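Colleague: entry_10.pdb is the file, holding PDB, C-alpha atoms:
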```pdb
ATOM      1  CA  ALA A  24      20.244   4.186 -12.681
ATOM      2  CA  GLY A  25      18.903   2.123 -15.578
ATOM      3  CA  THR A  26      21.740  -0.406 -15.444
ATOM      4  CA  LEU A  27      19.607  -3.397 -14.404
ATOM      5  CA  ALA A  28      16.467  -4.932 -15.843
ATOM      6  CA  PRO A  29      13.552  -4.818 -13.351
ATOM      7  CA  ALA A  30      13.227  -8.612 -13.499
ATOM      8  CA  ASN A  31      16.778  -8.941 -12.145
ATOM      9  CA  CYS A  32      15.784  -6.989  -9.007
ATOM     10  CA  VAL A  33      12.903  -9.259  -7.995
ATOM     11  CA  HIS A  34      13.395 -11.494  -4.948
ATOM     12  CA  ASP A  35      11.293 -14.667  -4.753
ATOM     13  CA  PHE A  36      10.336 -15.561  -1.172
ATOM     14  CA  GLY A  37       8.314 -18.660  -2.046
ATOM     15  CA  ASP A  38       4.634 -19.288  -1.322
ATOM     16  CA  GLY A  39       3.765 -17.195  -4.348
ATOM     17  CA  LEU A  40       5.342 -14.025  -2.954
ATOM     18  CA  SER A  41       7.921 -11.983  -4.852
ATOM     19  CA  ILE A  42       9.192  -8.578  -3.759
ATOM     20  CA  LEU A  43      10.912  -5.831  -5.707
ATOM     21  CA  PRO A  44      12.558  -3.591  -3.063
ATOM     22  CA  GLY A  45      12.988   0.097  -3.757
ATOM     23  CA  GLY A  46      14.480   3.150  -2.103
ATOM     24  CA  PRO A  47      17.858   4.868  -2.295
ATOM     25  CA  GLY A  48      19.901   1.746  -1.533
ATOM     26  CA  THR A  49      23.616   1.769  -0.783
ATOM     27  CA  ASP A  50      26.758   2.285  -2.786
ATOM     28  CA  ALA A  51      29.760  -0.037  -3.083
ATOM     29  CA  THR A  52      31.087   1.140   0.288
ATOM     30  CA  GLY A  53      27.815   0.436   2.093
ATOM     31  CA  ARG A  54      26.818   4.091   2.481
ATOM     32  CA  ARG A  55      23.213   5.050   1.759
ATOM     33  CA  HIS A  56      22.663   6.998  -1.415
ATOM     34  CA  THR A  57      21.482  10.531  -0.728
ATOM     35  CA  HIS A  58      19.978  11.037  -4.192
ATOM     36  CA  VAL A  59      16.203  11.483  -4.140
ATOM     37  CA  LEU A  60      14.360  10.556  -7.307
ATOM     38  CA  SER A  61      12.807  13.447  -9.186
ATOM     39  CA  ALA A  62       9.210  13.220 -10.383
ATOM     40  CA  GLY A  63      10.434  12.397 -13.893
ATOM     41  CA  GLU A  64      12.810   9.701 -12.657
ATOM     42  CA  ARG A  65      10.011   8.218 -10.558
ATOM     43  CA  ARG A  66       7.692   8.050 -13.581
ATOM     44  CA  SER A  67      10.413   6.416 -15.634
ATOM     45  CA  LEU A  68      11.046   3.868 -12.896
ATOM     46  CA  PHE A  69       7.369   2.913 -12.661
ATOM     47  CA  ARG A  70       7.124   2.586 -16.452
ATOM     48  CA  ARG A  71       9.981   0.093 -16.409
ATOM     49  CA  VAL A  72       8.686  -1.833 -13.406
ATOM     50  CA  SER A  73       5.140  -1.991 -14.816
ATOM     51  CA  GLN A  74       6.471  -4.218 -17.619
ATOM     52  CA  LEU A  75       6.553  -7.006 -15.020
ATOM     53  CA  TYR A  76       2.899  -6.703 -14.041
ATOM     54  CA  ARG A  77       1.624  -9.098 -16.698
ATOM     55  CA  ASP A  78       3.625 -11.904 -15.053
ATOM     56  CA  TYR A  79       1.656 -11.637 -11.783
ATOM     57  CA  ASP A  80      -1.962 -12.035 -10.776
ATOM     58  CA  VAL A  81      -1.886  -9.357  -8.091
ATOM     59  CA  VAL A  82       0.546  -6.456  -7.891
ATOM     60  CA  ILE A  83       0.768  -4.506  -4.640
ATOM     61  CA  VAL A  84       2.703  -1.236  -4.705
ATOM     62  CA  ASP A  85       3.689   0.342  -1.396
ATOM     63  CA  ALA A  86       3.808   3.949  -2.570
ATOM     64  CA  GLY A  87       4.494   5.474   0.847
ATOM     65  CA  SER A  88       3.069   8.880   1.727
ATOM     66  CA  ARG A  89       4.419  10.974  -1.137
ATOM     67  CA  LEU A  90       1.453  12.097  -3.215
ATOM     68  CA  ASP A  91       3.358  12.152  -6.496
ATOM     69  CA  THR A  92       4.500   8.562  -5.909
ATOM     70  CA  VAL A  93       0.937   7.440  -5.201
ATOM     71  CA  ILE A  94      -0.348   9.118  -8.360
ATOM     72  CA  THR A  95       2.551   7.751 -10.429
ATOM     73  CA  ALA A  96       1.870   4.237  -9.169
ATOM     74  CA  GLY A  97      -1.787   4.665 -10.085
ATOM     75  CA  ALA A  98      -0.884   5.801 -13.576
ATOM     76  CA  ALA A  99       0.789   2.425 -14.065
ATOM     77  CA  GLY A 100      -2.641   0.787 -14.025
ATOM     78  CA  ALA A 101      -3.879   0.565 -10.427
ATOM     79  CA  ARG A 102      -7.365  -0.922 -10.069
ATOM     80  CA  ARG A 103      -7.734  -0.115  -6.368
ATOM     81  CA  PHE A 104      -6.177   2.264  -3.856
ATOM     82  CA  ILE A 105      -5.768   1.445  -0.176
ATOM     83  CA  ALA A 106      -5.037   4.446   2.015
ATOM     84  CA  VAL A 107      -3.625   3.977   5.519
ATOM     85  CA  GLY A 108      -4.543   6.890   7.760
ATOM     86  CA  GLY A 109      -4.521   7.850  11.404
ATOM     87  CA  ASP A 110      -6.490   9.806  13.973
ATOM     88  CA  GLY A 111      -6.262  13.542  14.531
ATOM     89  CA  THR A 112      -7.176  16.595  12.480
ATOM     90  CA  VAL A 113      -4.014  16.609  10.364
ATOM     91  CA  ALA A 114      -4.159  12.870   9.629
ATOM     92  CA  ILE A 115      -7.834  13.006   8.674
ATOM     93  CA  ALA A 116      -7.242  16.015   6.426
ATOM     94  CA  ALA A 117      -4.320  14.218   4.786
ATOM     95  CA  SER A 118      -6.484  11.152   4.102
ATOM     96  CA  TYR A 119      -9.141  13.300   2.474
ATOM     97  CA  ALA A 120      -6.519  15.173   0.414
ATOM     98  CA  LEU A 121      -5.210  11.848  -0.864
ATOM     99  CA  VAL A 122      -8.710  10.691  -1.815
ATOM    100  CA  LYS A 123      -9.286  13.990  -3.614
ATOM    101  CA  ALA A 124      -6.039  13.682  -5.584
ATOM    102  CA  ILE A 125      -6.868  10.102  -6.567
ATOM    103  CA  GLU A 126     -10.351  11.115  -7.692
ATOM    104  CA  LEU A 127      -8.933  13.879  -9.865
ATOM    105  CA  LYS A 128      -6.398  11.569 -11.527
ATOM    106  CA  SER A 129      -8.354   8.290 -11.548
ATOM    107  CA  PRO A 130     -12.071   9.113 -11.261
ATOM    108  CA  GLY A 131     -14.188   6.322  -9.855
ATOM    109  CA  THR A 132     -11.312   4.034  -8.897
ATOM    110  CA  PRO A 133     -12.215   2.223  -5.644
ATOM    111  CA  VAL A 134     -10.517   3.620  -2.540
ATOM    112  CA  ASP A 135     -10.371   1.755   0.788
ATOM    113  CA  LEU A 136      -9.291   3.347   4.053
ATOM    114  CA  ILE A 137      -7.445   1.480   6.796
ATOM    115  CA  VAL A 138      -7.196   3.364  10.095
ATOM    116  CA  ASN A 139      -3.938   2.575  11.856
ATOM    117  CA  ARG A 140      -3.171   2.317  15.600
ATOM    118  CA  GLN A 141      -6.769   2.749  16.798
ATOM    119  CA  ASP A 142      -9.510   0.569  18.218
ATOM    120  CA  ASP A 143     -12.517  -0.358  16.079
ATOM    121  CA  ARG A 144     -14.796   2.322  17.495
ATOM    122  CA  ARG A 145     -12.326   5.139  16.933
ATOM    123  CA  GLY A 146     -11.321   3.744  13.567
ATOM    124  CA  ARG A 147     -14.920   3.797  12.371
ATOM    125  CA  HIS A 148     -15.284   7.389  13.622
ATOM    126  CA  VAL A 149     -12.200   8.473  11.649
ATOM    127  CA  PHE A 150     -13.491   6.736   8.532
ATOM    128  CA  ASP A 151     -16.904   8.383   8.885
ATOM    129  CA  GLN A 152     -15.267  11.818   8.918
ATOM    130  CA  VAL A 153     -13.254  11.145   5.763
ATOM    131  CA  GLN A 154     -16.274   9.542   4.125
ATOM    132  CA  GLU A 155     -18.510  12.504   4.954
ATOM    133  CA  ALA A 156     -16.061  14.944   3.369
ATOM    134  CA  SER A 157     -15.622  12.735   0.306
ATOM    135  CA  ALA A 158     -19.374  12.400  -0.208
ATOM    136  CA  ARG A 159     -20.000  16.107   0.319
ATOM    137  CA  PHE A 160     -17.205  17.601  -1.753
ATOM    138  CA  LEU A 161     -16.325  14.841  -4.233
ATOM    139  CA  GLY A 162     -19.631  13.033  -4.569
ATOM    140  CA  ARG A 163     -18.014   9.664  -4.091
ATOM    141  CA  ALA A 164     -18.099   6.854  -1.544
ATOM    142  CA  LEU A 165     -15.189   5.100   0.152
ATOM    143  CA  ASP A 166     -14.871   1.600   1.564
ATOM    144  CA  PHE A 167     -13.858   0.983   5.167
ATOM    145  CA  ALA A 168     -11.179  -1.716   5.106
ATOM    146  CA  GLY A 169     -10.861  -1.868   8.884
ATOM    147  CA  THR A 170      -8.660  -0.831  11.788
ATOM    148  CA  ILE A 171      -5.248  -2.065  12.906
ATOM    149  CA  PRO A 172      -4.835  -1.668  16.681
ATOM    150  CA  GLU A 173      -1.905  -0.206  18.584
ATOM    151  CA  ASP A 174       0.378  -3.114  19.480
ATOM    152  CA  GLY A 175       3.341  -2.683  21.786
ATOM    153  CA  ASP A 176       4.352  -6.320  21.326
ATOM    154  CA  LEU A 177       4.907  -5.726  17.611
ATOM    155  CA  TYR A 178       7.211  -2.768  18.252
ATOM    156  CA  ALA A 179       9.124  -4.621  20.948
ATOM    157  CA  ALA A 180       9.659  -7.642  18.717
ATOM    158  CA  ALA A 181      10.781  -5.477  15.802
ATOM    159  CA  LEU A 182      13.204  -3.506  17.992
ATOM    160  CA  SER A 183      14.700  -6.755  19.249
ATOM    161  CA  GLY A 184      15.678  -7.618  15.682
ATOM    162  CA  GLN A 185      13.128 -10.362  15.098
ATOM    163  CA  SER A 186      11.846 -10.787  11.553
ATOM    164  CA  LEU A 187       8.414  -9.239  11.044
ATOM    165  CA  ARG A 188       7.576 -12.174   8.840
ATOM    166  CA  LEU A 189       8.087 -14.518  11.798
ATOM    167  CA  ILE A 190       6.373 -12.456  14.479
ATOM    168  CA  ALA A 191       3.383 -11.133  12.525
ATOM    169  CA  ASP A 192       1.160 -14.107  13.328
ATOM    170  CA  ARG A 193       2.008 -13.834  17.043
ATOM    171  CA  THR A 194       0.926 -10.202  17.497
ATOM    172  CA  ILE A 195      -2.549  -8.662  17.534
ATOM    173  CA  ALA A 196      -1.619  -6.043  14.927
ATOM    174  CA  GLY A 197      -0.112  -8.698  12.673
ATOM    175  CA  GLN A 198      -3.120 -10.972  12.966
ATOM    176  CA  THR A 199      -5.487  -8.091  12.235
ATOM    177  CA  ALA A 200      -3.458  -6.977   9.230
ATOM    178  CA  GLY A 201      -3.574 -10.555   7.934
ATOM    179  CA  VAL A 202      -7.368 -10.626   8.171
ATOM    180  CA  LEU A 203      -7.663  -7.285   6.363
ATOM    181  CA  ALA A 204      -5.238  -8.409   3.649
ATOM    182  CA  ARG A 205      -7.130 -11.629   2.999
ATOM    183  CA  ARG A 206     -10.419  -9.730   2.796
ATOM    184  CA  LEU A 207      -8.989  -7.239   0.288
ATOM    185  CA  LEU A 208      -7.483 -10.029  -1.798
ATOM    186  CA  VAL A 209     -10.863 -11.752  -1.983
ATOM    187  CA  GLN A 210     -12.377  -8.489  -3.211
ATOM    188  CA  LEU A 211      -9.688  -8.231  -5.863
ATOM    189  CA  GLU A 212     -10.324 -11.823  -6.874
ATOM    190  CA  ASP A 213     -14.040 -11.198  -7.218
ATOM    191  CA  GLY A 214     -13.357  -8.235  -9.494
ATOM    192  CA  ALA A 215     -10.642  -9.861 -11.603
ATOM    193  CA  ASP A 216     -11.033 -11.341 -15.059
ATOM    194  CA  PHE A 217      -8.278 -13.888 -14.534
ATOM    195  CA  ALA A 218      -7.617 -16.852 -12.256
ATOM    196  CA  PHE A 219      -6.290 -15.901  -8.836
ATOM    197  CA  ARG A 220      -3.230 -17.981  -7.987
ATOM    198  CA  HIS A 221      -1.794 -16.043  -5.043
ATOM    199  CA  ARG A 222       1.195 -14.529  -6.753
ATOM    200  CA  TYR A 223       2.150 -10.997  -5.871
ATOM    201  CA  LEU A 224       4.741  -8.406  -6.778
ATOM    202  CA  GLY A 225       5.315  -5.756  -4.119
ATOM    203  CA  ALA A 226       7.380  -2.605  -4.664
ATOM    204  CA  ARG A 227       8.505  -0.639  -1.663
TER     205      ARG A 227
END
```
Please express what this file holds, its structure, as structure tokens.
Modeller:
Amino acid sequence: AGTLAPANCVHDFGDGLSILPGGPGTDATGRRHTHVLSAGERRSLFRRVSQLYRDYDVVIVDAGSRLDTVITAGAAGARRFIAVGGDGTVAIAASYALVKAIELKSPGTPVDLIVNRQDDRRGRHVFDQVQEASARFLGRALDFAGTIPEDGDLYAAALSGQSLRLIADRTIAGQTAGVLARRLLVQLEDGADFAFRHRYLGAR
């Protein structure tokens, strides 16, 4: 609503990690707000939040699956996009559509694809399909970031109320995600012009 400075909404979790949570939130009575941000409000929000970026070495924005949010986040100065896709005709088509939209708005910006809830063989097959379409119709290459496997233990632990932060290292999906994250951060470090000190700002 514009009543708070973005810096006052940041939560410091230690270990170089700060998070700026987003979403509709709740009102004074604890009820969830039903208001959905318009495209203009979303752009305004990102402009305000982007003022914080200079205070961090790496900024990670979780833009969700809304295309306009992804594009708006990119307009704030994204240097790399990481798409998380799935298997199936609709999911593969959606991944390609996202790559196409990014290419139109931010030509040449690196795009990585993570395939979720699949084994490595199937994940590579999904990536190859998206990559083939991107090369054929957009004339651009993608990077395969890897695959995160289906993990019933992760769901069970989350449903039991355990903190994902505590259980991530004890589940296959969490361990795999950690490996992928570290690899991507190294790539960002290699392409950065500043010292990498493991400080992040995430916006959900």
Colleague: Taking the file as shown, what set of residues would the PyMOL selection byres ((chain A and resi 102) around 10) give back, as a list in words?
Modeller: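 After applying the PyMOL selection byres ((chain A and resi 102) around 10), what remains is Val82, Gly97, Ala98, Ala99, Gly100, Ala101, Arg103, Phe104, Ser129, Gly131, Thr132, Pro133, Val134, Leu211, Gly214 and Ala215 of chain A.
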Colleague: On this file, the PyMOL selection byres ((chain A and resi 71) around 12) gives some set of residues; write that set as a PDB file with C-alpha atoms, in the coordinates of the input.
Modeller:
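And here's expr_7.pdb as it stands now:
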```
ATOM      1  CA  ALA A  24      20.244   4.186 -12.681  1.00  0.00           C
ATOM      2  CA  GLY A  25      18.903   2.123 -15.578  1.00  0.00           C
ATOM      3  CA  THR A  26      21.740  -0.406 -15.444  1.00  0.00           C
ATOM      4  CA  LEU A  27      19.607  -3.397 -14.404  1.00  0.00           C
ATOM      5  CA  ALA A  28      16.467  -4.932 -15.843  1.00  0.00           C
ATOM      6  CA  PRO A  29      13.552  -4.818 -13.351  1.00  0.00           C
ATOM      7  CA  ALA A  30      13.227  -8.612 -13.499  1.00  0.00           C
ATOM      8  CA  CYS A  32      15.784  -6.989  -9.007  1.00  0.00           C
ATOM      9  CA  GLU A  64      12.810   9.701 -12.657  1.00  0.00           C
ATOM     10  CA  ARG A  65      10.011   8.218 -10.558  1.00  0.00           C
ATOM     11  CA  ARG A  66       7.692   8.050 -13.581  1.00  0.00           C
ATOM     12  CA  SER A  67      10.413   6.416 -15.634  1.00  0.00           C
ATOM     13  CA  LEU A  68      11.046   3.868 -12.896  1.00  0.00           C
ATOM     14  CA  PHE A  69       7.369   2.913 -12.661  1.00  0.00           C
ATOM     15  CA  ARG A  70       7.124   2.586 -16.452  1.00  0.00           C
ATOM     16  CA  VAL A  72       8.686  -1.833 -13.406  1.00  0.00           C
ATOM     17  CA  SER A  73       5.140  -1.991 -14.816  1.00  0.00           C
ATOM     18  CA  GLN A  74       6.471  -4.218 -17.619  1.00  0.00           C
ATOM     19  CA  LEU A  75       6.553  -7.006 -15.020  1.00  0.00           C
ATOM     20  CA  TYR A  76       2.899  -6.703 -14.041  1.00  0.00           C
ATOM     21  CA  ALA A  96       1.870   4.237  -9.169  1.00  0.00           C
ATOM     22  CA  ALA A  99       0.789   2.425 -14.065  1.00  0.00           C
TER      23      ALA A  99
END
```
Colleague: On this file, the PyMOL selection byres ((chain A and resi 177) around 12) gives some set of residues; write that set as a PyMOL selection string.
Modeller: chain A and resi 140+171-176+178-200
Colleague: Could you check how far atom CA of A:Ile83 sits from atom CA of A:Ile105, in Å to one decimal?
Modeller: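 Atom CA of A:Ile105 lies 9.9 Å from atom CA of A:Ile83.
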Colleague: Find the residues of stretch 135-175 of chain A that sit at most 8 Å from stretch 116-120 of chain A; for each, write down the nearest two atoms and how far apart they are in Å, to one decimal. Count all atoms listed in the file. Sort by chain, then by number going up, and give it as CSV.
Modeller:
```
residue,atom,partner,partner_atom,distance
A:Val153,CA,A:Tyr119,CA,5.7
A:Ala156,CA,A:Tyr119,CA,7.2
A:Ser157,CA,A:Tyr119,CA,6.9
```
Colleague: Extract, using all atoms listed in the file, all DNA, RNA and protein residues at most 10 Å from A:Ser88, discarding same-chain residues fewer than 6 positions from it, and format them as a list in words.
Modeller: Ala106, Val107, Gly108, Ala117 and Leu121 of chain A
Colleague: Could you jot down the atom CA of A:Asp166 to atom CA of A:Ile115 separation for me, Å, one decimal place?
Modeller: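 Going from atom CA of A:Asp166 over to atom CA of A:Ile115 covers 15.2 Å.
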Colleague: Give me, please, the distance in Å between atom CA of A:Asp143 and atom CA of A:Arg163, quoted to one decimal.
Modeller: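 Pair atom CA of A:Asp143 / atom CA of A:Arg163 returns 23.2 Å.
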